[in-house]
Structures are given as structure tokens and as C-alpha cells.
Amino acid sequence: MGYVIATEKAYRHTKAMVKNMEASLLAYQKRGDVKLDPVMRQAVMDGMASLLEEWRAQMQEYEQLKAGKASLRIASLAELPQILVKARLAAGLTQKQLAEKLGLKPQQIQRCEATDYRTITLSRAQEIAEALGLRWDATVHVGRF
């Protein structure tokens with residue numbers, strides 16, 4: 001499970017981080033005076049490139065969700081927190097709008113998402129899923145794993 005950009009503010013922040021990292025990576029690549037072992041230098045550049053790739057993928061996912069162009073699948077209950085955030089985005093709802101639909105304070109939804117829904121009850125998860133229009137089609141495997 002990776003990080004999900006959950007708000008427009010977080011999206012703008014990630015976009016700014018990408019811009020800064022791109023500039024830093026370009027500057028680092030151009031600097032010839034870096035006194036690092038070539039293997040270490042390459043490892044640093046690879047790490048920066050990897051972060052850029054991850055952030056771009058998160059931004060792309062956010063954009064697709066906001067455009068309603070994402071298919072959501074869940075393989076385990078551990079993925080439920082991310083699915084609820086993604087479903088909210090795909091439904092075109094802000095945290096505040098979801099809170100209003102549920103008769104909650106916006107801070108409650110913000111806290112739920114910030115803590116990966118760790119403290120909500122199953123009935124609350126069901127209420128949120130229903131408010132988001134989620135339909136479930138699940139196969140449950142029983143047995144020893």
C-alpha cells in the first residue's frame with residue numbers, strides 16, 4: 001500500500017516537491033565537482049529519480065480519480081482505508097462534503113483519513129461506503145493460509 005494524495009492541497013504540495021526535485025536532480029547531474037565516489041553519486045541520482053517517479057505516479061492517480069477514470073479494486077480489508085479515500089476522490093467529494101453527507105464535522109473525516117481510518121467502527125465504514133456509493137463484489141477465501 002502506497003501513499004494516496006487525498007486533498008487538493010496535498011496535490012499542490014506534491015506538485016511543488018516534484019518541481020523542486022527535478023531542479024535539484026538536474027543541478028546535481030550538471031555538477032562536475034561533486035567529490036563522491038561515482039557509485040555513490042549514481043545511487044543518489046537513482047534515489048532522487050525513484051522519488052520523482054513515485055510522486056508522479058501519485059499525482060497521476062489523483063488526477064485520474066478526480067476525473068472519475070479509475071477502477072478501484074480491493075484484495076484485502078487492509079486496503080479499505082485507501083479505497084475509501086480513493087472512492088471519495090472519484091465521487092468528486094471533498095472531505096468537507098463527505099462530512100456533510102454523513103452529518104459529521106469535516107475534522108472527523110480529515111482525522112479518519114490522516115489515521116488510515118484506524119479508529120472507526122465497521123458500521124461507520126459501512127456508512128462511509130454507502131455515502132460514497134460503493135458497491136461490493138467480494139470473494140472470500142476460507143481456510144488455512
# chains A, B, ... in the order shown; residues from 1 in each chain; ligands from 1
>>> select_by_dssp(residues="chain A", states="alpha helix (DSSP H)", output="PyMOL selection string")
chain A and resi 8-30+38-66+80-90+95-102+106-114+122-131
>>> residues_around(residues="segment 84-91 of chain A", least_positions_apart="2", cutoff="12 Å", atoms="only C-alpha atoms", output="ChimeraX atom specification")
/A:3-8,11,58,61-74,77-82,93-99,101,109-110,112-117,124-135
>>> residues_around(residues="Leu51 of chain A", least_positions_apart="5", cutoff="9 Å", atoms="only C-alpha atoms", output="PyMOL selection string")
chain A and resi 18+21+46+56
>>> atom_distance(atom1="atom CA of Gln108 of chain A", atom2="atom CA of Thr14 of chain A")
23.5 Å
>>> closest_residue(among="A:Asp137, A:Glu100, A:Asp37, A:Glu22", to="Ser50 of chain A", atoms="only C-alpha atoms")
A:Glu22
